[in-house]
Amino acid sequence: MKNIIKPTLILLLICVISSAILSVLYSNTKPIIEQNQKENIENARKAVLPDAVKDKFVAVDVNNVEEGEERFIRDSIMFYKGYNEDGKLVGFTFQTAGQGYSSSAEVKTMVGIDLNMKIEKITIIQQQETPGLGANCVNPEFTRRFTEKDPAGIKVDKDGGNIESITGATITTRAVTNSIRDKFVELQDDFKKQMQGGGK
Amino acid sequence: MKPVAEFTKGILKENPVFVMALGLCPALAVSTSVENAIGMGAAATFVVLCSNLIISLIKNFIPDKIRIPCYILVIATFVTVVDMTMNAYLPPLHKSLGIFIPLIVVNCLILCRAEAFASKNGVGLSILDALGMGLGFTLALISIATFREILGSGTFLNMRILPQSYKPMIMAILPPGAFFTIGLLMGLINLLKKKD
C-alpha cells in the first residue's frame with residue numbers, strides 16, 4: 001500500500017508545483033504578450049499601407065455598416081481604413097488566415113489595398129510553417145509577388161494562376177493566396193461603399 | 001570518468017545525432033538552413049542544460065517507479081516557461097526561435113540525458129554532460145544544414161556563395177535531402193571510427 005501512496009503523492013506534488021509556476025507566469029506574461037501582439041499588428045497595418053499614418057487607422061465594423069442585413073456570421077471588426085497626414089483616405093487593410101502545412105497554426109496575413117482595388121503590400125503576421133520551406137513566406141521576395149495584383153484574380157501558378165509558388169511549399173503559397181482572394185471578394189463591396197461615402 | 005571526458009563525449013564519440021540517433025525528428029526538420037540549425041541547437045542546449053540541472057538536484061527525491069513522468073513534467077514545464085518568458089520579454093528572439101520550442105518537447109535527446117545521465121550523477125557532471133550533448137547536437141545540425149543549404153539554395157548563412165547561374169538542387173532542402181545527408185554523414189563517422 002505504501003508503495004502506491006508515496007509515489008502518487010510525490011507525483012501530485014510535482015504536478016502542483018509545475019502548475020503553480022506556470023499559472024503565475026502565465027498571468028504575469030499574458031498582458032505583455034498581448035500588448036506585443038497588438039503592436040505587431042499595428043506595425044503590420046502601417047507596413048502594408050505605407051502612405052497611411054500609423055495612428056490614423058479607423059476600424060470598420062461591417063455589421064454596423066449595413067444594419068438590418070444578416071451578416072452575423074462574420075467576425076466583428078472586419079477591416080481598417082487608412083488615412084494620410086491630410087486626413088485623406090488612402091486605402092484599406094484587412095487580416096486573413098488560411099490553413100497551411102502546419103496543423104497547429106494558420107498562416108495569418110495582413111493585406112493592404114489601395115484605392116484602385118489593387119494589392120499595395122502584404123505581410124505575414126503569424127505562421128508556423130516548415131523552417132526553410134513554407135516559413136520562407138515571410139521573406140519580402142515572396143510577399144513582393146502580390147504587389148500591384150488584382151486580389152480578386154490571384155491564384156497559385158500550380159493552379160494556373162499568376163502567383164509564383166515558394167519552392168517546395170505550394171501548400172503555404174496556396175493558403176496565403178486563397179485566403180487573400182476569398183476575404184477580398186467578401187469585402188470588396190464594403191470597400192467601394194466606403195470610398196463612395198467620401199472616405200469618412 | 002573525468003569531467004573533461006563527460007563534456008567532450010557528446011561532440012563526436014557519443015554524438016547524439018550521428019552515433020546515438022537521438023533527436024532525429026528536429027534534425028530532419030530544421031536543418032534546411034544553417035541559421036535555423038544554430039537557432040534550434042541553441043534552444044535545445046538551453047533546455048537540456050536546465051532539465052539536467054533540475055533533475056540531478058531532485059533525483060533522490062523521486063521514487064524509481066514514477067521517474068519518467070516526473071522527468072517529462074520537469075522538461076515540459078521548463079519548455080513552457082522558456083516559451084512564455086521569451087514571448088513576453090524578448091519578442092524578436094521569440095519570433096525567430098519560437099517555431100523550435102514545440103519541437104524541443106519532442107526531442108528525445110533531452111529525456112535521454114535526464115534518464116541516462118542526470119538521474120545518476122551530480123549537478124556538476126550533469127551540467128558538463130548537457131553542455132557537451134547540446135554542443136554535439138548543434139554541431140551535427142550545422143553540418144547537415146551546411147550541405148543542405150549550399151546544395152539546395154546556393155547560400156551559406158543566407159549569403160550567396162555559389163554563382164547566380166547555379167540551379168539549386170531543390171531535393172536537398174526537401175525531406176529526402178535530409179535523410180540522404182544524415183545517412184551519408186553517419187556512414188562517414190562510422191567509417192572514421194572503424195579506422196581508429
# chains A, B, ... in the order shown; residues from 1 in each chain; ligands from 1
call {"tool": "closest_atom_pairs", "arguments": {"of": "chain B", "to": "chain A", "cutoff": "7 Å", "atoms": "only C-alpha atoms", "output": "Markdown table"}}
result
| residue | atom | partner | partner_atom | distance |
| --- | --- | --- | --- | --- |
| B:Val30 | CA | A:Pro131 | CA | 5.9 |
| B:Thr32 | CA | A:Gly132 | CA | 5.2 |
| B:Ser33 | CA | A:Gly132 | CA | 6.2 |
| B:Pro63 | CA | A:Pro7 | CA | 6.1 |
| B:Ile66 | CA | A:Pro7 | CA | 6.6 |
| B:Cys70 | CA | A:Leu11 | CA | 6.7 |
| B:Thr77 | CA | A:Ser18 | CA | 6.1 |
| B:Val81 | CA | A:Leu22 | CA | 6.8 |
| B:Met84 | CA | A:Thr29 | CA | 6.7 |
| B:Thr85 | CA | A:Thr29 | CA | 6.9 |
| B:Asn87 | CA | A:Ile33 | CA | 6.3 |
| B:Ala88 | CA | A:Ile33 | CA | 4.8 |
| B:Ile99 | CA | A:Gln128 | CA | 6.1 |
| B:Leu174 | CA | A:Gly168 | CA | 6.9 |
call {"tool": "write_last_selection", "arguments": {"atoms": "all heavy atoms", "output": "tab-separated table (two decimals), in the first residue's frame"}}
result
chain	number	residue	atom	x	y	z
B	30	VAL	N	14.69	20.88	-39.15
B	30	VAL	CA	15.18	22.25	-39.16
B	30	VAL	C	16.58	22.40	-39.73
B	30	VAL	O	17.21	23.43	-39.55
B	30	VAL	CB	15.14	22.90	-37.76
B	30	VAL	CG1	13.73	22.96	-37.25
B	30	VAL	CG2	16.04	22.18	-36.80
B	32	THR	N	17.36	22.79	-42.76
B	32	THR	CA	17.31	23.30	-44.12
B	32	THR	C	18.21	24.51	-44.30
B	32	THR	O	18.60	24.83	-45.42
B	32	THR	CB	15.88	23.70	-44.50
B	32	THR	OG1	15.36	24.51	-43.45
B	32	THR	CG2	15.02	22.49	-44.68
B	33	SER	N	18.52	25.22	-43.23
B	33	SER	CA	19.46	26.33	-43.36
B	33	SER	C	20.30	26.42	-42.09
B	33	SER	O	19.87	26.00	-41.02
B	33	SER	CB	18.73	27.65	-43.59
B	33	SER	OG	18.14	28.09	-42.40
B	63	PRO	N	10.82	8.76	-6.52
B	63	PRO	CA	10.84	7.30	-6.50
B	63	PRO	C	11.09	6.74	-7.90
B	63	PRO	O	10.67	7.35	-8.89
B	63	PRO	CB	9.44	6.93	-6.02
B	63	PRO	CG	8.82	8.18	-5.52
B	63	PRO	CD	9.52	9.31	-6.19
B	66	ILE	N	8.17	6.21	-10.70
B	66	ILE	CA	7.49	7.29	-11.42
B	66	ILE	C	8.49	8.28	-12.00
B	66	ILE	O	8.17	9.43	-12.24
B	66	ILE	CB	6.48	8.03	-10.51
B	66	ILE	CG1	7.19	8.50	-9.23
B	66	ILE	CG2	5.30	7.16	-10.19
B	66	ILE	CD1	6.52	9.67	-8.58
B	70	CYS	N	7.86	12.08	-14.05
B	70	CYS	CA	8.42	13.25	-13.37
B	70	CYS	C	9.36	14.01	-14.30
B	70	CYS	O	9.31	15.24	-14.38
B	70	CYS	CB	9.18	12.84	-12.12
B	70	CYS	SG	8.10	12.23	-10.84
B	77	THR	N	7.42	21.59	-18.23
B	77	THR	CA	7.27	22.85	-17.50
B	77	THR	C	8.35	23.83	-17.95
B	77	THR	O	8.08	24.99	-18.22
B	77	THR	CB	7.43	22.60	-15.98
B	77	THR	OG1	6.57	21.55	-15.62
B	77	THR	CG2	7.09	23.83	-15.19
B	81	VAL	N	7.94	27.47	-19.67
B	81	VAL	CA	8.48	28.67	-19.02
B	81	VAL	C	9.33	29.47	-20.01
B	81	VAL	O	9.16	30.69	-20.17
B	81	VAL	CB	9.31	28.29	-17.77
B	81	VAL	CG1	10.10	29.48	-17.27
B	81	VAL	CG2	8.42	27.76	-16.67
B	84	MET	N	7.03	31.17	-22.67
B	84	MET	CA	6.25	32.33	-22.24
B	84	MET	C	7.15	33.51	-21.90
B	84	MET	O	6.86	34.66	-22.25
B	84	MET	CB	5.38	31.96	-21.04
B	84	MET	CG	4.25	31.02	-21.41
B	84	MET	SD	2.89	30.98	-20.25
B	84	MET	CE	3.59	30.09	-18.90
B	85	THR	N	8.26	33.25	-21.22
B	85	THR	CA	9.17	34.34	-20.84
B	85	THR	C	9.74	35.01	-22.08
B	85	THR	O	9.78	36.24	-22.19
B	85	THR	CB	10.32	33.80	-19.98
B	85	THR	OG1	9.82	32.78	-19.15
B	85	THR	CG2	10.94	34.89	-19.14
B	87	ASN	N	8.51	35.02	-25.08
B	87	ASN	CA	7.45	35.69	-25.83
B	87	ASN	C	7.15	37.06	-25.22
B	87	ASN	O	6.90	38.04	-25.93
B	87	ASN	CB	6.19	34.82	-25.82
B	87	ASN	CG	5.22	35.21	-26.90
B	87	ASN	OD1	5.40	36.22	-27.57
B	87	ASN	ND2	4.19	34.41	-27.06
B	88	ALA	N	7.22	37.16	-23.90
B	88	ALA	CA	6.87	38.41	-23.24
B	88	ALA	C	8.02	39.41	-23.26
B	88	ALA	O	7.81	40.59	-23.52
B	88	ALA	CB	6.44	38.14	-21.81
B	99	ILE	N	9.38	28.90	-33.35
B	99	ILE	CA	8.98	27.71	-34.08
B	99	ILE	C	9.68	26.45	-33.53
B	99	ILE	O	9.16	25.36	-33.61
B	99	ILE	CB	9.29	27.90	-35.58
B	99	ILE	CG1	8.85	26.73	-36.43
B	99	ILE	CG2	10.76	28.17	-35.82
B	99	ILE	CD1	7.45	26.82	-36.85
B	174	LEU	N	14.33	19.50	-49.40
B	174	LEU	CA	13.11	18.74	-49.11
B	174	LEU	C	13.49	17.56	-48.20
B	174	LEU	O	14.66	17.23	-48.06
B	174	LEU	CB	12.50	18.24	-50.42
B	174	LEU	CG	11.98	19.34	-51.36
B	174	LEU	CD1	11.46	18.74	-52.65
B	174	LEU	CD2	10.91	20.16	-50.69
call {"tool": "residues_around", "arguments": {"residues": "B:Asp129", "least_positions_apart": "5", "cutoff": "10 Å", "atoms": "only C-alpha atoms", "output": "list in words"}}
result
Pro3, Val4, Ala5, Glu6, Phe7, Thr8, Lys9, Gly10, Val48, Leu49, Asn52, Arg113, Phe117, Ala118, Asn121, Val123, Gly124, Gly134 and Leu135 of chain B
call {"tool": "atom_distance", "arguments": {"atom1": "atom CA of A:Val138", "atom2": "atom CA of B:Phe100"}}
result
16.4 Å
call {"tool": "select_by_dssp", "arguments": {"residues": "stretch 20-187 of chain B", "states": "strand (DSSP E)", "output": "VMD selection string"}}
result
chain B and resid 155 to 156 159 to 160
call {"tool": "write_last_selection", "arguments": {"atoms": "C-alpha atoms", "output": "short mmCIF file (atom, residue, chain, number, x, y, z; two decimals), in the first residue's frame"}}
result
data_model
loop_
_atom_site.label_atom_id
_atom_site.label_comp_id
_atom_site.auth_asym_id
_atom_site.auth_seq_id
_atom_site.Cartn_x
_atom_site.Cartn_y
_atom_site.Cartn_z
CA THR B 155 23.78 30.02 -49.90
CA PHE B 156 25.55 29.74 -46.54
CA MET B 159 24.95 34.69 -48.06
CA ARG B 160 25.17 33.62 -51.67
#
call {"tool": "atom_distance", "arguments": {"atom1": "atom CA of B:Cys25", "atom2": "atom CA of B:Tyr71"}}
result
20.0 Å
call {"tool": "select_by_dssp", "arguments": {"residues": "chain A", "states": "alpha helix (DSSP H)", "output": "JSON, numbers by chain"}}
result
{"A": [2, 3, 4, 5, 6, 7, 8, 9, 10, 11, 12, 13, 14, 15, 16, 17, 18, 19, 20, 21, 22, 23, 24, 25, 26, 27, 28, 29, 30, 31, 32, 33, 34, 35, 36, 37, 38, 39, 40, 41, 42, 43, 44, 45, 46, 47, 48, 62, 63, 64, 65, 140, 141, 142, 143, 170, 171, 172, 173, 174, 175, 176, 177, 178, 179, 180, 181, 182, 183, 184, 185, 186, 187, 188, 189, 190, 191, 192, 193, 194, 195, 196]}
call {"tool": "residues_around", "arguments": {"residues": "A:Phe79", "least_positions_apart": "5", "cutoff": "7 Å", "atoms": "only C-alpha atoms", "output": "PyMOL selection string"}}
result
chain A and resi 59-60+92-94
call {"tool": "residues_around", "arguments": {"residues": "A:Ile180", "least_positions_apart": "6", "cutoff": "9 Å", "atoms": "only C-alpha atoms", "output": "ChimeraX atom specification"}}
result
/A:95-98,109-111,151-152,154
